[in-house]
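The block underneath contains the structure these notes are about, expressed in structure tokens.
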Amino acid sequence: MSDKPLNEIVNVESVSILMRLLRDFGRNTLPLLGRKVPFIQKQFVAATIVSFREINNQDFQVIVEPRNQVERLLARKDTDINMYENYSLYFNRIAVLLNLQEPNMHGEARLLDPMGNIKNDMGLISSEEYHYTNDIKFLERMKYQFYQSCGRNTEYIICVFSHHVPCTLKTHQCARLINEFSKRTNEFLIVSYEDVFYDTDEDVALNILSHYSRIFCLYPVYFCPPKKSDKNIETYLLPWDEEEEPVCRRISRRVMRAVSNKRFRTEKKKRKSFCRFSKFMDSNVCEEI
Ligand SMILES: [Zn+2]
């Protein structure tokens, strides 16, 4: 199994469903995070780890109970949220991470490099910042809970949905960091996104993320699936999903038409505008910083 690139091992339709579930889960937790932080950003990272069996069998039970918890918390409208800690929410095997201001860390780095070791080796942080970096070890928590439910010898995939494509910003370099993490640890990673931060070069980021066979970067077009796939997703729909569905389908149709006309790759600007979902977000969210 390990010799093949990850995108040949996993079923793309299953990955698309999981990424959409993760995206929606992350989005729906933003109002909860908004009760705990001074202002809420568009940017978030929602991450989980799953086994190959879970992903290929579309067994996404891991997200069901956390979704119920979120629904209950949204209904309660108070600020007593046990899962909240330092600009993050943590549920069983699922983390939603906002960017941190102090120290300045993006969600991808918080998940994969909580102590700043990789960024330090990449020359992205000063020694002072390095000594100050000591974030929550989300990935260790996830692995522990994964082993509890799936067994110690089960291989897993780290799944990361980031609202913005992992960045190419000078001081963060999240795309490079993900690549470096996977090379060092030999871990499997699936990465997806739905928008591009204005200061990130999407092509450069995607190029970096497609260089290593243990990373599978799923383009946004895949999780606005054509109608035939909607049946699978509906099993996991909550009321808030349904409101967005018609818009999502409309965009999907436009993108699929563009692909079939072979204009997709050359008309980058159009592609970007198709994939921008920011208008669906709450109007009070702020840009990534
Ligand atoms: Zn970043």
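The chains in the structure tokens are called A, B, ... from first to last as shown; in each chain the residues are counted from 1, and the ligands are counted from 1 in the order shown.
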
Could you pull the residues within 12 Å of Asn82 of chain A, counting only C-alpha atoms, minus those fewer than 4 positions along the same chain, as a PyMOL selection string?
chain A and resi 32-33+36+69-70+73+78+86+88-91

Any chance you can output those residues with C-alpha atoms as a compact mmCIF listing (two decimals), in the first residue's frame?
```txt
# COMPACT_ATOMS: atom_id res chain seq x y z
CA LEU A 32 -19.14 29.12 19.06
CA LEU A 33 -15.58 30.36 18.73
CA LYS A 36 -14.88 33.11 23.16
CA GLN A 69 -22.43 18.48 20.39
CA VAL A 70 -22.04 21.60 18.24
CA LEU A 73 -24.06 24.20 22.09
CA ASP A 78 -24.00 30.59 26.54
CA ASN A 86 -6.75 28.98 23.24
CA SER A 88 -9.47 26.29 19.29
CA LEU A 89 -12.20 23.74 19.81
CA TYR A 90 -11.34 20.12 20.36
CA PHE A 91 -13.76 17.22 20.10
```

Find the residues near Val12 of chain A: any atom within 9 Å, counting only C-alpha atoms, skip ones fewer than 4 places away on the same chain, and give them as a tab-separated table (two decimals) with N, CA and C atoms, in the first residue's frame.
```
chain	number	residue	atom	x	y	z
A	7	ASN	N	-3.17	9.46	-3.45
A	7	ASN	CA	-4.39	9.68	-4.24
A	7	ASN	C	-4.80	8.46	-5.05
A	8	GLU	N	-3.92	7.45	-5.12
A	8	GLU	CA	-4.31	6.20	-5.79
A	8	GLU	C	-4.81	5.15	-4.79
A	16	SER	N	-13.77	13.41	-0.91
A	16	SER	CA	-14.55	14.64	-1.15
A	16	SER	C	-15.65	14.80	-0.11
A	17	ILE	N	-16.31	13.69	0.21
A	17	ILE	CA	-17.39	13.76	1.20
A	17	ILE	C	-16.81	14.14	2.57
A	56	ASN	N	-12.38	4.78	2.98
A	56	ASN	CA	-12.85	4.08	1.78
A	56	ASN	C	-14.25	3.49	1.93
A	218	LEU	N	-6.77	17.87	-2.39
A	218	LEU	CA	-8.04	17.79	-3.11
A	218	LEU	C	-8.51	19.20	-3.48
A	222	TYR	N	-13.99	19.37	-6.18
A	222	TYR	CA	-14.44	18.03	-5.85
A	222	TYR	C	-15.49	17.96	-4.76
```

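Restricting the atom set to only C-alpha atoms and all ligand atoms, one finds that the residues within 9 Å of ligand 1 amount to Asn99, Met105, His106, Gly107, Glu108, Ala109, His164, Val165, Pro166, Cys167, Thr168, Leu169, Thr171, His172, Gln173, Cys174, Ala175, Leu177 and Thr200 of chain A.
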
For Ser213 of chain A, please output as a short mmCIF file (atom, residue, chain, number, x, y, z; two decimals) with C-alpha atoms, in the first residue's frame all residues within 12 Å (counting only C-alpha atoms; exclusion window: fewer than 6 positions along the same chain).
```
data_model
loop_
_atom_site.label_atom_id
_atom_site.label_comp_id
_atom_site.auth_asym_id
_atom_site.auth_seq_id
_atom_site.Cartn_x
_atom_site.Cartn_y
_atom_site.Cartn_z
CA MET A 1 0.00 0.00 0.00
CA SER A 2 2.72 2.44 1.01
CA ASP A 3 4.49 2.45 -2.38
CA LYS A 4 1.55 3.97 -4.20
CA PRO A 5 0.77 7.69 -4.07
CA LEU A 6 -1.97 8.46 -1.57
CA ASN A 7 -4.39 9.68 -4.24
CA GLU A 8 -4.31 6.20 -5.79
CA ILE A 9 -4.97 4.43 -2.49
CA ASN A 179 5.35 19.11 2.85
CA SER A 182 5.09 14.68 5.79
CA LYS A 183 8.66 14.11 4.60
CA ASN A 186 6.34 9.79 6.62
CA GLU A 187 2.72 10.41 7.57
CA PHE A 188 -0.16 10.46 5.09
CA LEU A 189 -1.96 13.77 4.69
CA ILE A 190 -5.06 14.86 2.81
#
```

Shortest interatomic distance to Phe138 of chain A - which of A:Ser162, A:Gln101, A:Asn120, A:Asn92, counting only C-alpha atoms
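Smallest separation from Phe138 of chain A among the options: A:Asn92.
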
Pick from A:Tyr87, A:Phe146, A:Phe197, A:Phe161 nearest to Phe25 of chain A, counting only C-alpha atoms
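Of A:Tyr87, A:Phe146, A:Phe197, A:Phe161, the one nearest Phe25 of chain A, counting only C-alpha atoms, is A:Phe161.
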
Write out as number ranges by chain each polymer residue whose atoms come within 12 Å of Leu100 of chain A, counting only C-alpha atoms; drop sequence neighbours fewer than 2 positions from it.
A: 37, 39-41, 43-45, 85-88, 97-98, 102-111, 114, 133-136, 172, 288-289

Counting only C-alpha atoms, the residue among A:Gly116, A:Asp195, A:Gln145, A:Gly26 that lies closest to Ala95 of chain A is A:Gly26

Could you jot down the atom CA of Val160 of chain A to atom CA of Ala46 of chain A separation for me, Å, one decimal place?
6.0 Å

Report as a ChimeraX atom specification: the residues of segment 150-219 of chain A with a DSSP assignment of alpha helix (DSSP H), based on the backbone of this structure.
/A:150,174-185,202-209

DSSP on the backbone: what in segment 50-226 of chain A comes out strand (DSSP E), as a PyMOL selection string?
chain A and resi 50-51+88-91+94-97+156-164+188-195+215-218

Atomic distance atom CA of Asp203 of chain A - atom CA of Gly123 of chain A, expressed in Å with one decimal
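If I compute the distance from atom CA of Asp203 of chain A to atom CA of Gly123 of chain A, I get 22.8 Å.
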
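Our summary of the geometry notes that atom CA of His163 of chain A is positioned 13.9 Å from atom CA of Ala205 of chain A.
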